[in-house]
Structures are given as structure tokens and as C-alpha cells.
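What follows is a short report on a single structure.
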Amino acid sequence: MAQYLDLAARRLFKVESRRELPDIINFYDVRSSWRDYRQEILEHLSSPHCGPNRVEIIEHPKDPISVRPLARFDIRDRLTYESLVAEASATVDPLISESVFSYRANRSQVHSVNDWLEWRSQARKILASAPNLMMARTDVASFYENIDIDVLKLDLAKAGINDLLLGQLYHFLQRFQQQSQAWGLPQGSSASGALSNVYLLPLDEFIRQSGVKHVRYSDDTYLFADSWERLRSALTGANQALRARRLTISAKKTEILDRAAALDHLDDYTRDQISYLYYRGAPHARRLLHDLFGNAADHQPVKERDVKFSLTRFRRKRDDTAIHWALENLKEMHYLSDQLLRYIESLPRYRDDLANALESLAIDFPLADYPYLERNLLHSALRKQINSKILKDYAWNVLRDKNRSNYPREFSARYIGRYSDMADGPLLRMQYEGESSEPVQRATLIALYECHYLPPRILENLSKSTSDLRWTARYLLRNPLIPLPA
């Protein structure tokens with residue numbers, strides 16, 4: 001198990017900490033005591049009952065209205081889950097079809113843009129292999145939430161997972177469902193994607209037996225055949241295979257495309273051309289990218305993929321083409337706020353505009369219903385070291401509101417500690433002593449340290465306790481320079 005724990009730790013510390021659920025100090029408290037922490041987790045992993053102690057569901061926006069429930073575990077439970085799945089993946093991954101491009105074992109990243117691009121590239125190659133091919137596209141409605149863990153347990157047993165590991169995984173998933181308002185597999189961890197591949201093995205096999213070629217990335221699937229009827233028949237059979245797994249095809253995202261429409265759907269020519277020209281430094285690359293962004297931003301609804309593509313290139317080139325649009329649309333495009341803010345941050349001359357935009361958001365909008373935007377607001381202010389009385393007052397309101405999600409409260413504490421005045425230390429101490437949430441306690445402890453109002457005896461006592469805060473206390477006793485969140 002040690003090798004799988006080490007793999008999970010590398011993924012968490014080097015890759016996952018910069019994804020959807022970043023940590024306020026990039027897990028440096030755990031990293032600094034990794035030898036001891038590692039031994040404790042290995043002992044924990046030797047138990048047949050190693051389910052999560054605490055689960056927080058983060059409502060992560062998919063678009064202006066809908067969200068997906070990301071499961072946020074504490075660090076120990078997250079490493080436990082990903083270690084268990086990594087060990088299981090070593091057995092089941094060889095059973096997964098080569099038509100599947102997502103969540104494969106033995107990679108530093110098991111969910112990467114490169115794999116997604118390879119999936120799309122392979123789809124184009126299949127379509128180009130014969131002039132009479134058409135394509136269907138489909139995915140599964142609410143996929144992770146509807147995975148039945150009892151059925152998954154049977155699948156893993158059939159795949160050859162040993163009884164101890166099988167029992168540990170099943171117990172973990174049971175506890176996850178008992179301790180949260182979510183069900184199925186935890187979202188937000190790449191480990192769940194590896195298990196979902198096992199769950200869709202019957203779908204892949206049914207499509208193969210039907211004589212229809214397909215490629216799949218997670219539950220997003222492209223099928224290829226030489227007639228509309230063959231594709232319809234394959235989709236009908238695939239839906240039956242999914243219903244046997246208590247899943248169903250998403251009607252909204254299922255369609256059969258003729259060859260021209262399929263080529264148009266898969267066509268990345270414009271983006272590929274822009275990427276190449278930017279790499280070569282061609283003078284008209286900026287105009288092409290400007291046109292792509294303008295069309296995407298003016299489209300209703302906004303073409304999210306083209307906007308993200310454009311912002312990435314603008315950011316790399318310090319190109320301010322989209323700056324005013326980004327500043328004006330932070331609230332409207334709250335589900336893209338991370339990409340928008342990182343783009344604005346890449347343009348130092350607009351730092352004052354960024355500060356004004358963040359203050360306006362804090363003053364003008366009730367952000368309690370937008371926790372993702374609220375967290376990103378504070379995260380951006382920390383990254384760019386924007387010291388604002390308005391933002392600090394706002395952070396205090398968030399930190400004191402125990403009805404809010406823990407996540408923005410943690411970033412609020414970090415912001416207050418970073419830009420504290422004389423009176424903030426005693427108020428943070430009072431907040432720490434009355435706080436019941438351990439993640440927020442951890443953040444407030446770090447804030448007390450940064451504002452130089454943390455008596456050594458608190459850290460010394462905590463460092464000898466059985467609380468998970470002991471790792472943070474031991475880290476702070478070394479008088480570190482606390483890193484900004486990535």
C-alpha cells in the first residue's frame with residue numbers, strides 16, 4: 001500500500017492542490033511532517049474500516065444556474081481514498097478498453113487536458129478513416145451521483161480485487177454517503193473517475209459487440225457507424241445496458257450527427273491554427289484569436305470553451321484584448337471567475353482595476369449564494385497581495401457567518417491574517433476559541449500566526465494533542481514563511 005499512498009501524495013501535492021479545491025497553504029503543514037504523517041496514514045490504511053470522518057459538499061458551478069456537488073474530505077481521508085483506488089486501479093486498469101481515454105492508472109495526472117485532446121483526436125481519426133461514417137454523441141445523466149456502490153462492489157470483486165481492499169473501499173463509500181447530502185461516488189477526486197471506468201465496462205463491451213466503433217472520456221461517448229439506423233440502434237441498446245446499471249442516457253446531450261455536422265463538432269482547426277501561429281509568433285495570430293474571442297463572447301449563451309481557450313492565450317501573451325469584458329463580467333460569468341481573475345492578474349498594469357472590481361463585488365452583490373465566486377474573490381486578493389480595508393471588512397463578515405460554507409470562511413481567515421491590523425489579533429483569537437469547524441480552526445490558527453498574535457503555548461499544546469490540528473501546530477512552531485495559495 002505504501003507505493004499507492006506515495007502516488008496519491010504526489011498527485012495531491014503537485015497537481016490536485018491547484019485544481020478545483022485548492023488549499024489555503026498548499027498543504028505545507030502536511031508536507032513538512034510527511035514522514036510521520038505518512039506512517040500514521042499507513043497504519044490507518046491497515047484497518048478494514050477506514051471511512052471518512054468528515055465530508056463537506058462544495059457546490060461547484062457548471063454554468064450560470066446548475067452546480068455539481070464536489071466532495072471535500074480532510075487531507076487524511078482524501079489520501080486514504082485515493083490510495084485505495086490507486087491500488088484497485090493497478091488490477092482493473094488492464095481490463096479497461098483502449099477506447100477509454102480518461103482516468104488511467106500509473107500517471108502523475110489521471111485527469112488531464114492532454115488525455116481529453118487525445119480522445120477528440122482519436123474521434124477525428126475514426127471519422128476520417130471511412131467516407132461514409134456518421135457520429136453519435138451521448139453522455140450519462142448525473143453520472144457520478146447515480147452509480148450504485150453495491151453494484152460497483154460486485155464489479156470490483158469480479159475484477160479480482162482482494163477482499164480486504166474491496167471491504168475498505170465499500171466501507172469508505174458507505175460512510176461518504178452517510179455523512180453527506182450526496183450519493184454515488186465522491187466528485188472532485190480523480191480517484192472516482194477510475195472507479196467509474198469499472199462501472200462502465202459493460203457499456204464499452206456492449207458497444208464493441210454491436211460492431212460500432214466508439215471512444216469514451218469519462219461518460220462522454222462518441223459512436224461511429226455508416227448509417228443513422230445503426231447509430232440509433234446502438235444508442236438504444238446502450239441505454240438498455242445503462243439502465244441495467246441504474247443509469248440513463250442524457251436526452252439533452254444525445255444526438256446523431258451527419259458527417260458534416262460531426263466534422264464541425266470535432267473541428268479544432270481554428271484553435272489548432274491559432275495555437276500554431278502563436279507559437280511561431282505570426283503577426284496575424286492576435287487578430288484570429290481576437291475574432292475567436294469576440295464571436296464566443298457575443299454568442300448567446302457564451303461559448304465557454306472558446307472563451308477559456310482565448311483567455312489562456314491572452315494570459316500567456318499579456319494581451320489585454322479581453323480585459324474590460326473580464327472585469328465587467330465577473331458576476332455574470334461567476335462560473336468562469338477563476339479563469340477570468342487569473343487572466344486579469346496576468347496584466348500588472350490593471351492591478352488597480354482588479355482591486356476596484358473585487359471591492360465592487362464585495363459591496364454591491366450578495367455573494368452568500370455564490371460561494372465559488374466568493375472564494376475566488378478572496379483567493380485572487382491573496383495571490384495579488386491586494387490589501388484593502390473593504391475586502392478585510394467583507395472577510396470578517398464571511399468568517400463570522402457560520403451558516404456559510406467552510407471554504408470561503410477559510411480563505412477569509414487567511415486574508416485577515418495576511419493583512420491584519422493591531423485589533424485583528426484579539427478578534428481572531430476570540431473567533432478561534434468559539435469556532436467548531438476544524439478546517440476553519442486551522443485557517444484561523446494560521447491567521448493568528450501571520451498576524452503575530454499566537455502564543456507559543458497554544459501551538460505546543462496542540463502539537464502534542466491527538467487533533468488533526470497538531471500537524472499545523474508543528475509546522476507553525478518552525479516559524480515558516482507561509483506560502484500564498486496557488
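By order of appearance in the C-alpha cells: chains A, B, ..., then residues from 1 within every chain, and ligands from 1 in the order shown.
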Where does range 198-311 of chain A meet range 91-95 of chain A within 12 Å, residue by residue, with the nearest atom pair and distance in Å to one decimal for each, counting only C-alpha atoms, listed by chain and rising number, as CSV?
```
residue,atom,partner,partner_atom,distance
A:Val198,CA,A:Val92,CA,7.2
A:Tyr199,CA,A:Val92,CA,10.8
A:Leu200,CA,A:Leu95,CA,11.3
A:Leu201,CA,A:Leu95,CA,8.2
A:Pro202,CA,A:Leu95,CA,11.2
A:Asp204,CA,A:Leu95,CA,10.8
A:Glu205,CA,A:Leu95,CA,10.7
```
Task: Using only C-alpha atoms: which of A:Ile249, A:Ala244, A:Leu42, A:Ile274 has the shortest distance to Phe143 in chain A - done: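 Between A:Ile249, A:Ala244, A:Leu42, A:Ile274, the residue approaching Phe143 in chain A most closely is A:Ile249.
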Task: Residues near range 412-416 of chain A, cut-off 9 Å, only C-alpha atoms, skip fewer than 3 positions along chain, as a ChimeraX atom specification - done: /A:24-25,375,378-379,381-382,387,391-399,407-409,419-421,424,428,440,443-448,450-451
TODO: Might you pull out every residue within 9 Å of Gln187 in chain A, with only C-alpha atoms counted and same-chain residues fewer than 6 positions away left off, and present them as a PyMOL selection string?
DONE: chain A and resi 68-72+144-145+193
Task: Residue nearest Tyr475 in chain A among A:Asp352, A:Ile363, A:Phe27, A:Pro22 (counting only C-alpha atoms) - done: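 When distances to Tyr475 in chain A are compared using only C-alpha atoms, the smallest one comes from A:Phe27.
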Got a sec: who's within 10 Å of Asp291 in chain A, counting only C-alpha atoms, leaving out chain neighbours fewer than 6 positions off, as a compact mmCIF listing (two decimals) with N, CA, C and O atoms, in the first residue's frame?
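Result file is result38.txt:
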```txt
# COMPACT_ATOMS: atom_id res chain seq x y z
N ALA A 285 -1.77 36.17 -35.79
CA ALA A 285 -2.35 35.26 -34.80
C ALA A 285 -3.24 36.02 -33.82
O ALA A 285 -4.31 35.54 -33.43
N ALA A 297 -17.67 35.51 -27.05
CA ALA A 297 -18.24 36.36 -26.00
C ALA A 297 -19.58 36.96 -26.41
O ALA A 297 -20.46 37.17 -25.56
N SER A 310 -9.29 31.31 -25.40
CA SER A 310 -8.79 32.65 -25.68
C SER A 310 -8.11 33.26 -24.46
O SER A 310 -7.02 33.83 -24.57
```
- [ ] May I ask which of the residues A:Leu21, A:Leu358, A:Ala123, A:Val100 is the closest one to Asp74 in chain A, counting only C-alpha atoms?
- [x]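 Of A:Leu21, A:Leu358, A:Ala123, A:Val100, the one nearest Asp74 in chain A is A:Leu21, counting only C-alpha atoms.
The shortest atom-to-atom distance to Glu98 in chain A, with only C-alpha atoms taken into account, belongs to A:Val215 out of A:Val215, A:Ala355, A:Leu242, A:Leu164.
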Open item on the list: When you count only C-alpha atoms, which of these residues is closest to Ser89 in chain A: A:Ser437, A:Gln273, A:Gln240, A:Ser196?
Closed with: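 For Ser89 in chain A, the nearest of the candidates is A:Ser196.
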Task: From A:Gly211, A:Pro348, A:Glu359, A:Leu484, residue lying nearest Asn26 in chain A [only C-alpha atoms] - done: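 For Asn26 in chain A, the nearest of the candidates is A:Leu484.
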Task: Those in range 28-58 of chain A with alpha helix (DSSP H) from DSSP, as a count of residues only - done: 17
- [ ] Would you list the contacts of Arg78 in chain A as a count of residues only, taking every protein, DNA or RNA residue within 10 Å and counting only C-alpha atoms, but skipping same-chain residues closer than 4 positions in sequence?
- [x] 13
- [ ] Using CA of Leu127 in chain A and CA of Arg243 in chain A as the two end points, give the distance in Å to one decimal.
- [x]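 Result for CA of Leu127 in chain A versus CA of Arg243 in chain A: 28.2 Å, one decimal.
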- [ ] List the neighbours of Arg470 in chain A out to 10 Å using only C-alpha atoms; skip same-chain residues closer than 4 positions along the sequence, and give me the result as an MDAnalysis selection string.
- [x] chainID A and resid 29 442 459:466 474:476
